[in-house]
$ cat entry_18.pdb   # PDB, C-alpha atoms
ATOM      1  CA  MET A   1      26.758  -5.777  10.194  1.00  0.00           C
ATOM      2  CA  ASP A   2      25.899  -2.455   8.569  1.00  0.00           C
ATOM      3  CA  TRP A   3      24.322  -0.897   5.476  1.00  0.00           C
ATOM      4  CA  ARG A   4      23.147   2.422   4.092  1.00  0.00           C
ATOM      5  CA  ASP A   5      19.887   2.877   2.186  1.00  0.00           C
ATOM      6  CA  THR A   6      17.003   5.185   1.338  1.00  0.00           C
ATOM      7  CA  GLY A   7      13.789   4.508   3.231  1.00  0.00           C
ATOM      8  CA  ILE A   8      10.203   5.643   3.703  1.00  0.00           C
ATOM      9  CA  LEU A   9       9.141   5.940   7.323  1.00  0.00           C
ATOM     10  CA  LEU A  10       6.131   3.751   8.123  1.00  0.00           C
ATOM     11  CA  SER A  11       5.969   4.369  11.864  1.00  0.00           C
ATOM     12  CA  ALA A  12       7.938   5.535  14.886  1.00  0.00           C
ATOM     13  CA  ARG A  13       7.232   4.671  18.497  1.00  0.00           C
ATOM     14  CA  LYS A  14       8.968   5.785  21.651  1.00  0.00           C
ATOM     15  CA  HIS A  15      11.537   3.412  23.121  1.00  0.00           C
ATOM     16  CA  GLY A  16      12.955   4.114  26.567  1.00  0.00           C
ATOM     17  CA  GLU A  17      13.579   7.655  27.692  1.00  0.00           C
ATOM     18  CA  SER A  18      14.762   9.284  24.492  1.00  0.00           C
ATOM     19  CA  SER A  19      14.967   6.731  21.674  1.00  0.00           C
ATOM     20  CA  ALA A  20      12.421   5.559  19.096  1.00  0.00           C
ATOM     21  CA  ILE A  21      11.910   2.345  17.193  1.00  0.00           C
ATOM     22  CA  LEU A  22      11.570   3.145  13.509  1.00  0.00           C
ATOM     23  CA  GLU A  23       9.778   0.947  11.000  1.00  0.00           C
ATOM     24  CA  VAL A  24      10.878   1.825   7.485  1.00  0.00           C
ATOM     25  CA  PHE A  25      10.412   0.529   3.963  1.00  0.00           C
ATOM     26  CA  THR A  26      13.794   0.706   2.242  1.00  0.00           C
ATOM     27  CA  ALA A  27      14.774   0.511  -1.413  1.00  0.00           C
ATOM     28  CA  THR A  28      17.153  -2.443  -1.009  1.00  0.00           C
ATOM     29  CA  HIS A  29      16.538  -3.988   2.407  1.00  0.00           C
ATOM     30  CA  GLY A  30      12.744  -4.039   2.451  1.00  0.00           C
ATOM     31  CA  ARG A  31      10.750  -3.423   5.607  1.00  0.00           C
ATOM     32  CA  HIS A  32      13.194  -2.969   8.447  1.00  0.00           C
ATOM     33  CA  LEU A  33      13.092  -2.010  12.121  1.00  0.00           C
ATOM     34  CA  GLY A  34      15.766  -0.391  14.244  1.00  0.00           C
ATOM     35  CA  VAL A  35      16.369   1.923  17.170  1.00  0.00           C
ATOM     36  CA  LEU A  36      17.093   5.596  16.558  1.00  0.00           C
ATOM     37  CA  ARG A  37      18.834   7.160  19.541  1.00  0.00           C
ATOM     38  CA  GLY A  38      17.354  10.560  20.300  1.00  0.00           C
ATOM     39  CA  GLY A  39      14.367   9.711  18.104  1.00  0.00           C
ATOM     40  CA  ALA A  40      11.877  10.727  20.802  1.00  0.00           C
ATOM     41  CA  SER A  41      13.265  14.254  21.072  1.00  0.00           C
ATOM     42  CA  ARG A  42      11.488  17.395  19.910  1.00  0.00           C
ATOM     43  CA  LYS A  43      14.325  18.014  17.477  1.00  0.00           C
ATOM     44  CA  ALA A  44      13.719  14.689  15.724  1.00  0.00           C
ATOM     45  CA  ALA A  45       9.900  14.960  15.660  1.00  0.00           C
ATOM     46  CA  PRO A  46       9.586  16.966  12.406  1.00  0.00           C
ATOM     47  CA  MET A  47      11.759  14.408  10.601  1.00  0.00           C
ATOM     48  CA  LEU A  48       9.893  11.379  11.925  1.00  0.00           C
ATOM     49  CA  GLN A  49       6.498  11.896  10.311  1.00  0.00           C
ATOM     50  CA  PRO A  50       4.966   8.910   8.464  1.00  0.00           C
ATOM     51  CA  GLY A  51       5.828   8.967   4.778  1.00  0.00           C
ATOM     52  CA  ALA A  52       9.061  10.926   5.261  1.00  0.00           C
ATOM     53  CA  GLN A  53      11.949   9.973   2.995  1.00  0.00           C
ATOM     54  CA  LEU A  54      15.110   9.270   4.991  1.00  0.00           C
ATOM     55  CA  ASP A  55      18.758   8.556   4.353  1.00  0.00           C
ATOM     56  CA  LEU A  56      19.349   5.649   6.712  1.00  0.00           C
ATOM     57  CA  GLY A  57      22.344   3.903   8.152  1.00  0.00           C
ATOM     58  CA  TRP A  58      21.860   0.632  10.060  1.00  0.00           C
ATOM     59  CA  ARG A  59      24.311  -1.227  12.241  1.00  0.00           C
ATOM     60  CA  ALA A  60      24.109  -4.274  14.508  1.00  0.00           C
ATOM     61  CA  ARG A  61      26.525  -6.729  16.082  1.00  0.00           C
ATOM     62  CA  LEU A  62      24.701  -9.637  14.430  1.00  0.00           C
ATOM     63  CA  GLU A  63      22.427  -9.702  11.387  1.00  0.00           C
ATOM     64  CA  ASP A  64      19.391 -10.973  13.298  1.00  0.00           C
ATOM     65  CA  HIS A  65      19.589  -8.189  15.912  1.00  0.00           C
ATOM     66  CA  MET A  66      17.222  -5.223  15.679  1.00  0.00           C
ATOM     67  CA  GLY A  67      20.179  -2.894  15.352  1.00  0.00           C
ATOM     68  CA  ALA A  68      20.406   0.878  15.452  1.00  0.00           C
ATOM     69  CA  PHE A  69      19.618   3.495  12.829  1.00  0.00           C
ATOM     70  CA  THR A  70      21.123   6.801  11.960  1.00  0.00           C
ATOM     71  CA  ALA A  71      18.756   8.964   9.936  1.00  0.00           C
ATOM     72  CA  GLU A  72      18.911  12.153   7.915  1.00  0.00           C
ATOM     73  CA  PRO A  73      15.864  13.742   6.235  1.00  0.00           C
ATOM     74  CA  LEU A  74      15.735  13.674   2.444  1.00  0.00           C
ATOM     75  CA  ARG A  75      12.158  14.689   1.757  1.00  0.00           C
ATOM     76  CA  SER A  76       9.287  15.584   4.035  1.00  0.00           C
ATOM     77  CA  ARG A  77       5.700  14.798   3.146  1.00  0.00           C
ATOM     78  CA  ALA A  78       4.345  16.623   6.183  1.00  0.00           C
ATOM     79  CA  ALA A  79       2.216  18.864   3.962  1.00  0.00           C
ATOM     80  CA  ALA A  80      -0.197  15.931   3.618  1.00  0.00           C
ATOM     81  CA  LEU A  81      -0.797  15.956   7.354  1.00  0.00           C
ATOM     82  CA  GLY A  82      -2.763  19.200   7.051  1.00  0.00           C
ATOM     83  CA  ASP A  83      -5.339  17.766   4.645  1.00  0.00           C
ATOM     84  CA  ARG A  84      -7.680  15.027   5.864  1.00  0.00           C
ATOM     85  CA  PHE A  85      -8.051  13.320   2.493  1.00  0.00           C
ATOM     86  CA  SER A  86      -4.303  13.219   1.820  1.00  0.00           C
ATOM     87  CA  LEU A  87      -3.597  12.157   5.394  1.00  0.00           C
ATOM     88  CA  ALA A  88      -6.087   9.290   5.089  1.00  0.00           C
ATOM     89  CA  GLY A  89      -4.392   8.154   1.882  1.00  0.00           C
ATOM     90  CA  LEU A  90      -0.921   8.356   3.405  1.00  0.00           C
ATOM     91  CA  ASN A  91      -2.048   6.366   6.444  1.00  0.00           C
ATOM     92  CA  ALA A  92      -3.583   3.691   4.208  1.00  0.00           C
ATOM     93  CA  VAL A  93      -0.312   3.255   2.301  1.00  0.00           C
ATOM     94  CA  THR A  94       1.934   3.056   5.358  1.00  0.00           C
ATOM     95  CA  ALA A  95      -0.478   0.771   7.226  1.00  0.00           C
ATOM     96  CA  LEU A  96      -0.810  -1.686   4.330  1.00  0.00           C
ATOM     97  CA  LEU A  97       2.959  -1.849   3.851  1.00  0.00           C
ATOM     98  CA  SER A  98       3.497  -2.468   7.547  1.00  0.00           C
ATOM     99  CA  PHE A  99       0.740  -5.085   7.487  1.00  0.00           C
ATOM    100  CA  CYS A 100       1.822  -7.224   4.562  1.00  0.00           C
ATOM    101  CA  LEU A 101       5.547  -6.821   3.880  1.00  0.00           C
ATOM    102  CA  PRO A 102       7.765  -9.543   5.337  1.00  0.00           C
ATOM    103  CA  GLU A 103      10.576  -8.060   7.372  1.00  0.00           C
ATOM    104  CA  ARG A 104      13.916  -7.611   5.566  1.00  0.00           C
ATOM    105  CA  GLU A 105      12.657  -8.885   2.205  1.00  0.00           C
ATOM    106  CA  SER A 106      13.608  -6.676  -0.736  1.00  0.00           C
ATOM    107  CA  HIS A 107      10.855  -5.287  -2.993  1.00  0.00           C
ATOM    108  CA  PRO A 108      12.602  -2.632  -5.119  1.00  0.00           C
ATOM    109  CA  ALA A 109       9.840  -2.276  -7.729  1.00  0.00           C
ATOM    110  CA  LEU A 110       7.183  -1.754  -5.060  1.00  0.00           C
ATOM    111  CA  PHE A 111       9.440   0.725  -3.278  1.00  0.00           C
ATOM    112  CA  ALA A 112       9.833   2.788  -6.459  1.00  0.00           C
ATOM    113  CA  ARG A 113       6.078   2.743  -7.069  1.00  0.00           C
ATOM    114  CA  THR A 114       5.380   3.714  -3.455  1.00  0.00           C
ATOM    115  CA  GLU A 115       7.843   6.580  -3.634  1.00  0.00           C
ATOM    116  CA  SER A 116       6.159   7.890  -6.795  1.00  0.00           C
ATOM    117  CA  LEU A 117       2.719   7.515  -5.237  1.00  0.00           C
ATOM    118  CA  LEU A 118       3.631   9.480  -2.114  1.00  0.00           C
ATOM    119  CA  ASP A 119       5.140  12.220  -4.242  1.00  0.00           C
ATOM    120  CA  LEU A 120       1.643  12.727  -5.719  1.00  0.00           C
ATOM    121  CA  LEU A 121      -0.009  13.350  -2.355  1.00  0.00           C
ATOM    122  CA  HIS A 122      -0.311  17.060  -3.091  1.00  0.00           C
ATOM    123  CA  ASP A 123      -2.318  16.387  -6.272  1.00  0.00           C
ATOM    124  CA  GLN A 124      -5.769  15.207  -5.232  1.00  0.00           C
ATOM    125  CA  ASP A 125      -6.880  14.853  -8.852  1.00  0.00           C
ATOM    126  CA  LEU A 126      -4.161  12.312  -9.715  1.00  0.00           C
ATOM    127  CA  TRP A 127      -3.821  10.615  -6.346  1.00  0.00           C
ATOM    128  CA  PRO A 128      -6.940   8.320  -6.293  1.00  0.00           C
ATOM    129  CA  LEU A 129      -6.177   6.608  -9.614  1.00  0.00           C
ATOM    130  CA  ALA A 130      -2.494   6.322  -8.713  1.00  0.00           C
ATOM    131  CA  TYR A 131      -3.481   4.774  -5.388  1.00  0.00           C
ATOM    132  CA  LEU A 132      -5.775   2.242  -7.062  1.00  0.00           C
ATOM    133  CA  ARG A 133      -2.958   1.195  -9.389  1.00  0.00           C
ATOM    134  CA  TRP A 134      -0.667   0.958  -6.375  1.00  0.00           C
ATOM    135  CA  GLU A 135      -3.054  -1.494  -4.693  1.00  0.00           C
ATOM    136  CA  LEU A 136      -3.021  -3.618  -7.845  1.00  0.00           C
ATOM    137  CA  ALA A 137       0.783  -3.545  -7.775  1.00  0.00           C
ATOM    138  CA  LEU A 138       0.798  -4.460  -4.079  1.00  0.00           C
ATOM    139  CA  LEU A 139      -1.408  -7.486  -4.709  1.00  0.00           C
ATOM    140  CA  ASP A 140       0.847  -8.548  -7.571  1.00  0.00           C
ATOM    141  CA  GLU A 141       4.013  -8.105  -5.503  1.00  0.00           C
ATOM    142  CA  MET A 142       2.556 -10.203  -2.693  1.00  0.00           C
ATOM    143  CA  GLY A 143       1.604 -13.025  -5.058  1.00  0.00           C
ATOM    144  CA  PHE A 144      -2.117 -12.292  -5.382  1.00  0.00           C
ATOM    145  CA  GLY A 145      -2.141 -10.272  -8.599  1.00  0.00           C
ATOM    146  CA  LEU A 146      -5.223 -10.079 -10.802  1.00  0.00           C
ATOM    147  CA  ASP A 147      -4.984 -11.485 -14.331  1.00  0.00           C
ATOM    148  CA  LEU A 148      -7.199  -9.204 -16.408  1.00  0.00           C
ATOM    149  CA  SER A 149      -5.551  -9.887 -19.766  1.00  0.00           C
ATOM    150  CA  ALA A 150      -8.150 -12.326 -21.124  1.00  0.00           C
ATOM    151  CA  CYS A 151     -11.230 -14.296 -20.165  1.00  0.00           C
ATOM    152  CA  ALA A 152     -10.485 -17.373 -18.079  1.00  0.00           C
ATOM    153  CA  VAL A 153     -13.272 -19.261 -19.890  1.00  0.00           C
ATOM    154  CA  THR A 154     -13.243 -18.143 -23.526  1.00  0.00           C
ATOM    155  CA  GLY A 155      -9.704 -16.791 -23.869  1.00  0.00           C
ATOM    156  CA  THR A 156     -10.855 -13.571 -25.539  1.00  0.00           C
ATOM    157  CA  ASN A 157      -9.960 -10.108 -24.290  1.00  0.00           C
ATOM    158  CA  LEU A 158     -13.185  -8.527 -25.560  1.00  0.00           C
ATOM    159  CA  ASP A 159     -16.137  -7.595 -23.350  1.00  0.00           C
ATOM    160  CA  LEU A 160     -14.432  -8.421 -20.044  1.00  0.00           C
ATOM    161  CA  ARG A 161     -17.041  -7.774 -17.366  1.00  0.00           C
ATOM    162  CA  TYR A 162     -16.251  -9.834 -14.269  1.00  0.00           C
ATOM    163  CA  VAL A 163     -13.480 -11.139 -12.033  1.00  0.00           C
ATOM    164  CA  SER A 164     -13.389 -14.570 -10.464  1.00  0.00           C
ATOM    165  CA  PRO A 165     -13.248 -14.102  -6.675  1.00  0.00           C
ATOM    166  CA  ARG A 166     -11.306 -17.352  -6.403  1.00  0.00           C
ATOM    167  CA  THR A 167      -8.642 -16.959  -9.091  1.00  0.00           C
ATOM    168  CA  GLY A 168      -8.555 -13.212  -9.756  1.00  0.00           C
ATOM    169  CA  ARG A 169      -8.946 -13.841 -13.494  1.00  0.00           C
ATOM    170  CA  ALA A 170     -11.175 -11.835 -15.800  1.00  0.00           C
ATOM    171  CA  VAL A 171     -14.380 -13.296 -17.287  1.00  0.00           C
ATOM    172  CA  THR A 172     -16.521 -12.075 -20.188  1.00  0.00           C
ATOM    173  CA  ALA A 173     -20.284 -11.716 -20.091  1.00  0.00           C
ATOM    174  CA  GLU A 174     -20.524 -14.799 -22.320  1.00  0.00           C
ATOM    175  CA  GLY A 175     -18.088 -16.799 -20.213  1.00  0.00           C
ATOM    176  CA  ALA A 176     -19.869 -15.990 -16.978  1.00  0.00           C
ATOM    177  CA  GLY A 177     -22.923 -18.071 -17.861  1.00  0.00           C
ATOM    178  CA  ASP A 178     -24.784 -19.415 -14.846  1.00  0.00           C
ATOM    179  CA  TRP A 179     -21.928 -18.363 -12.568  1.00  0.00           C
ATOM    180  CA  VAL A 180     -22.569 -14.649 -13.043  1.00  0.00           C
ATOM    181  CA  ASP A 181     -24.036 -14.166  -9.542  1.00  0.00           C
ATOM    182  CA  ARG A 182     -20.854 -15.552  -7.984  1.00  0.00           C
ATOM    183  CA  LEU A 183     -18.464 -13.237  -9.815  1.00  0.00           C
ATOM    184  CA  LEU A 184     -17.182  -9.805  -8.886  1.00  0.00           C
ATOM    185  CA  PRO A 185     -17.766  -6.843 -11.201  1.00  0.00           C
ATOM    186  CA  LEU A 186     -14.755  -5.760 -13.248  1.00  0.00           C
ATOM    187  CA  PRO A 187     -14.699  -1.944 -13.288  1.00  0.00           C
ATOM    188  CA  GLN A 188     -13.354  -0.703 -16.599  1.00  0.00           C
ATOM    189  CA  VAL A 189     -10.901   1.553 -14.781  1.00  0.00           C
ATOM    190  CA  LEU A 190      -8.967  -1.604 -13.844  1.00  0.00           C
ATOM    191  CA  LEU A 191      -8.531  -2.191 -17.589  1.00  0.00           C
ATOM    192  CA  ASN A 192      -7.287   1.382 -18.088  1.00  0.00           C
ATOM    193  CA  LYS A 193     -10.564   2.241 -19.788  1.00  0.00           C
ATOM    194  CA  GLY A 194     -13.343   4.700 -19.044  1.00  0.00           C
ATOM    195  CA  SER A 195     -13.089   8.193 -17.633  1.00  0.00           C
ATOM    196  CA  ALA A 196     -11.464   7.178 -14.315  1.00  0.00           C
ATOM    197  CA  ALA A 197     -13.903   9.449 -12.494  1.00  0.00           C
ATOM    198  CA  ASP A 198     -14.111   9.105  -8.721  1.00  0.00           C
ATOM    199  CA  PRO A 199     -17.120   6.724  -8.716  1.00  0.00           C
ATOM    200  CA  GLU A 200     -15.321   4.405 -11.158  1.00  0.00           C
ATOM    201  CA  ILE A 201     -12.171   4.433  -9.042  1.00  0.00           C
ATOM    202  CA  LEU A 202     -14.289   3.692  -5.977  1.00  0.00           C
ATOM    203  CA  ASP A 203     -15.705   0.626  -7.744  1.00  0.00           C
ATOM    204  CA  GLY A 204     -12.141  -0.425  -8.501  1.00  0.00           C
ATOM    205  CA  LEU A 205     -11.200  -0.084  -4.833  1.00  0.00           C
ATOM    206  CA  ARG A 206     -14.105  -2.328  -3.862  1.00  0.00           C
ATOM    207  CA  THR A 207     -12.721  -5.019  -6.159  1.00  0.00           C
ATOM    208  CA  THR A 208      -9.104  -4.700  -5.004  1.00  0.00           C
ATOM    209  CA  GLY A 209     -10.401  -4.536  -1.440  1.00  0.00           C
ATOM    210  CA  TYR A 210     -11.983  -7.964  -1.841  1.00  0.00           C
ATOM    211  CA  PHE A 211      -8.652  -9.506  -2.782  1.00  0.00           C
ATOM    212  CA  LEU A 212      -6.775  -7.608  -0.079  1.00  0.00           C
ATOM    213  CA  GLU A 213      -9.200  -8.894   2.533  1.00  0.00           C
ATOM    214  CA  HIS A 214      -9.936 -12.420   1.355  1.00  0.00           C
ATOM    215  CA  HIS A 215      -6.653 -13.401  -0.295  1.00  0.00           C
ATOM    216  CA  LEU A 216      -3.817 -11.291   1.120  1.00  0.00           C
ATOM    217  CA  ALA A 217      -5.104 -10.950   4.678  1.00  0.00           C
ATOM    218  CA  GLY A 218      -6.355 -14.535   4.554  1.00  0.00           C
ATOM    219  CA  ALA A 219      -2.831 -15.722   3.815  1.00  0.00           C
ATOM    220  CA  LEU A 220      -1.540 -13.777   6.824  1.00  0.00           C
ATOM    221  CA  ARG A 221      -3.343 -16.010   9.317  1.00  0.00           C
ATOM    222  CA  ASP A 222      -6.608 -14.170   8.732  1.00  0.00           C
ATOM    223  CA  ARG A 223      -5.376 -10.954  10.297  1.00  0.00           C
ATOM    224  CA  PRO A 224      -7.849  -8.147   9.560  1.00  0.00           C
ATOM    225  CA  LEU A 225      -6.841  -5.439   7.140  1.00  0.00           C
ATOM    226  CA  PRO A 226      -5.634  -2.230   8.782  1.00  0.00           C
ATOM    227  CA  GLU A 227      -8.511   0.089   9.606  1.00  0.00           C
ATOM    228  CA  ALA A 228      -6.614   2.903   7.894  1.00  0.00           C
ATOM    229  CA  ARG A 229      -7.484   1.412   4.511  1.00  0.00           C
ATOM    230  CA  ALA A 230     -11.221   1.399   5.312  1.00  0.00           C
ATOM    231  CA  ARG A 231     -11.030   4.966   6.630  1.00  0.00           C
ATOM    232  CA  PHE A 232      -9.444   6.156   3.402  1.00  0.00           C
ATOM    233  CA  VAL A 233     -12.077   4.418   1.266  1.00  0.00           C
ATOM    234  CA  THR A 234     -14.858   5.917   3.396  1.00  0.00           C
ATOM    235  CA  ARG A 235     -13.421   9.407   3.008  1.00  0.00           C
ATOM    236  CA  PHE A 236     -12.967   8.857  -0.722  1.00  0.00           C
ATOM    237  CA  GLU A 237     -16.565   7.613  -0.994  1.00  0.00           C
ATOM    238  CA  SER A 238     -17.761  10.863   0.575  1.00  0.00           C
ATOM    239  CA  ARG A 239     -15.749  12.798  -1.984  1.00  0.00           C
ATOM    240  CA  ALA A 240     -17.054  10.679  -4.868  1.00  0.00           C
ATOM    241  CA  ARG A 241     -20.597  11.437  -3.771  1.00  0.00           C
ATOM    242  CA  GLY A 242     -19.865  15.134  -3.595  1.00  0.00           C
ATOM    243  CA  ARG A 243     -19.834  15.429   0.168  1.00  0.00           C
ATOM    244  CA  GLY A 244     -16.237  16.637   0.505  1.00  0.00           C
TER     245      GLY A 244
END

$ encode --input "entry_18.pdb" --output "structure tokens"
Amino acid sequence: MDWRDTGILLSARKHGESSAILEVFTATHGRHLGVLRGGASRKAAPMLQPGAQLDLGWRARLEDHMGAFTAEPLRSRAAALGDRFSLAGLNAVTALLSFCLPERESHPALFARTESLLDLLHDQDLWPLAYLRWELALLDEMGFGLDLSACAVTGTNLDLRYVSPRTGRAVTAEGAGDWVDRLLPLPQVLLNKGSAADPEILDGLRTTGYFLEHHLAGALRDRPLPEARARFVTRFESRARGRG
């Protein structure tokens, strides 16, 4: 059993004396694990940074075996490791993918979006909005997408103000009625409206965070969301409030 694919490194941990177990998100084969011989060496260390783009070969005697990787670097994103904000964002992406993706299940559209997102790490002006849209795409890919096209009660797409925490559907001010206190706010940035300033994006992350925690994580046997996501939001909140 063997294949060749492009992958984004999610994590690498030492295995034995000199090898490493790589966890990668690949274009065609989804999230995949395998052993890289020599992966714990100093020579391999620069290549095996989270977020790195790799040309991967995988081989195993049987399909259900962990198998072994060969890896060649295609693109390094190590520059992000020198900036705390970018590093926090990168860690949030890799941690969420590792957390929620089923092993060996293909998600080509999400892979392409993730690749584009990581390529924006150097641009801190574009990154937060791109990340928010990536979280929306992640929820959709995992089967928990928000339906913000029209009000769940009235059917109109005008004056959408809220999101149902149960269904993820949009609700207008009129449609909310007596249920308004039980609904989540719908930041206009999630409708591709407004200025998309940092405080608006932060509001959007609070809304997507609710569905990541209560729907996605809840479906995964109530496993808690990776702390890396909370750390990124905290750092972004400091930036949105002008504290760096």

$ residues_around --input "entry_18.pdb" --residues "region 222-233 of chain A" --least-positions-apart "6" --cutoff "7 Å" --atoms "all atoms listed in the file" --output "PDB file with C-alpha atoms, in the frame of the given file"
ATOM      1  CA  ALA A  88      -6.087   9.290   5.089  1.00  0.00           C
ATOM      2  CA  GLY A  89      -4.392   8.154   1.882  1.00  0.00           C
ATOM      3  CA  ASN A  91      -2.048   6.366   6.444  1.00  0.00           C
ATOM      4  CA  ALA A  92      -3.583   3.691   4.208  1.00  0.00           C
ATOM      5  CA  ALA A  95      -0.478   0.771   7.226  1.00  0.00           C
ATOM      6  CA  LEU A  96      -0.810  -1.686   4.330  1.00  0.00           C
ATOM      7  CA  GLU A 213      -9.200  -8.894   2.533  1.00  0.00           C
TER       8      GLU A 213
END

$ resolve_selection --input "entry_18.pdb" --expression "the PyMOL selection byres ((chain A and resi 57) around 8)" --output "list of chain:residue names"
A:Asp2, A:Trp3, A:Arg4, A:Asp5, A:Asp55, A:Leu56, A:Trp58, A:Arg59, A:Phe69, A:Thr70, A:Ala71

$ residues_around --input "entry_18.pdb" --residues "Gln124 (chain A)" --least-positions-apart "5" --cutoff "10 Å" --atoms "all atoms listed in the file" --output "list in words"
Phe85, Ser86 and Leu129 of chain A

$ residues_around --input "entry_18.pdb" --residues "Met142 (chain A)" --least-positions-apart "5" --cutoff "9 Å" --atoms "all atoms listed in the file" --output "tab-separated table (two decimals) with C-alpha atoms, in the coordinates of the input"
chain	number	residue	atom	x	y	z
A	100	CYS	CA	1.82	-7.22	4.56
A	101	LEU	CA	5.55	-6.82	3.88
A	137	ALA	CA	0.78	-3.54	-7.78
A	216	LEU	CA	-3.82	-11.29	1.12

$ closest_residue --input "entry_18.pdb" --among "A:Ala219, A:Leu191, A:Ala52, A:Leu158" --to "Thr94 (chain A)" --atoms "all atoms listed in the file"
A:Ala52

$ atom_distance --input "entry_18.pdb" --atom1 "CA of Met66 (chain A)" --atom2 "CA of Ala27 (chain A)"
18.2 Å

$ resolve_selection --input "entry_18.pdb" --expression "the PyMOL selection byres ((chain A and resi 36) around 8)" --output "PDB file with C-alpha atoms, in the frame of the given file"
ATOM      1  CA  SER A  19      14.967   6.731  21.674  1.00  0.00           C
ATOM      2  CA  ALA A  20      12.421   5.559  19.096  1.00  0.00           C
ATOM      3  CA  ILE A  21      11.910   2.345  17.193  1.00  0.00           C
ATOM      4  CA  LEU A  22      11.570   3.145  13.509  1.00  0.00           C
ATOM      5  CA  GLY A  34      15.766  -0.391  14.244  1.00  0.00           C
ATOM      6  CA  VAL A  35      16.369   1.923  17.170  1.00  0.00           C
ATOM      7  CA  ARG A  37      18.834   7.160  19.541  1.00  0.00           C
ATOM      8  CA  GLY A  38      17.354  10.560  20.300  1.00  0.00           C
ATOM      9  CA  GLY A  39      14.367   9.711  18.104  1.00  0.00           C
ATOM     10  CA  ALA A  68      20.406   0.878  15.452  1.00  0.00           C
ATOM     11  CA  PHE A  69      19.618   3.495  12.829  1.00  0.00           C
ATOM     12  CA  THR A  70      21.123   6.801  11.960  1.00  0.00           C
ATOM     13  CA  ALA A  71      18.756   8.964   9.936  1.00  0.00           C
TER      14      ALA A  71
END

$ resolve_selection --input "entry_18.pdb" --expression "the PyMOL selection byres ((chain A and resi 153) around 7)" --output "list in words"
Cys151, Ala152, Thr154, Gly155, Val171 and Gly175 of chain A

$ residues_around --input "entry_18.pdb" --residues "region 104-116 of chain A" --least-positions-apart "6" --cutoff "6 Å" --atoms "only C-alpha atoms" --output "PyMOL selection string"
chain A and resi 27-32

$ residues_near_point --input "entry_18.pdb" --point "(-16.5, 1.4, -7.5)" --cutoff "12 Å" --atoms "all atoms listed in the file" --output "PyMOL selection string"
chain A and resi 128-129+132+184-190+196-210+233-234+236-237+240-241

$ atom_distance --input "entry_18.pdb" --atom1 "CA of Ala44 (chain A)" --atom2 "CA of Ser18 (chain A)"
10.4 Å

$ atom_distance --input "entry_18.pdb" --atom1 "CA of Leu87 (chain A)" --atom2 "CA of Gly194 (chain A)"
27.3 Å

$ closest_atom_pairs --input "entry_18.pdb" --of "region 109-206 of chain A" --to "region 76-81 of chain A" --cutoff "8 Å" --atoms "only C-alpha atoms" --output "Markdown table"
| residue | atom | partner | partner_atom | distance |
| --- | --- | --- | --- | --- |
| A:Leu118 | CA | A:Arg77 | CA | 7.8 |
| A:Asp119 | CA | A:Arg77 | CA | 7.8 |
| A:Leu121 | CA | A:Ala80 | CA | 6.5 |
| A:His122 | CA | A:Ala80 | CA | 6.8 |

$ axis_aligned_box --input "entry_18.pdb" --around "region 180-189 of chain A" --padding-each-side "6 Å" --output "JSON"
{"center_x": -17.5, "center_y": -7.0, "center_z": -12.3, "size_x": 25.1, "size_y": 29.1, "size_z": 20.6}

$ residues_around --input "entry_18.pdb" --residues "Ile8 (chain A)" --least-positions-apart "4" --cutoff "6 Å" --atoms "only C-alpha atoms" --output "compact mmCIF listing (two decimals) with C-alpha atoms, in the coordinates of the input"
# COMPACT_ATOMS: atom_id res chain seq x y z
CA VAL A 24 10.88 1.82 7.48
CA PHE A 25 10.41 0.53 3.96
CA GLY A 51 5.83 8.97 4.78
CA ALA A 52 9.06 10.93 5.26
CA GLN A 53 11.95 9.97 3.00

$ closest_residue --input "entry_18.pdb" --among "A:Arg235, A:Ala217, A:Pro50, A:Ala130" --to "Asn192 (chain A)" --atoms "all atoms listed in the file"
A:Ala130
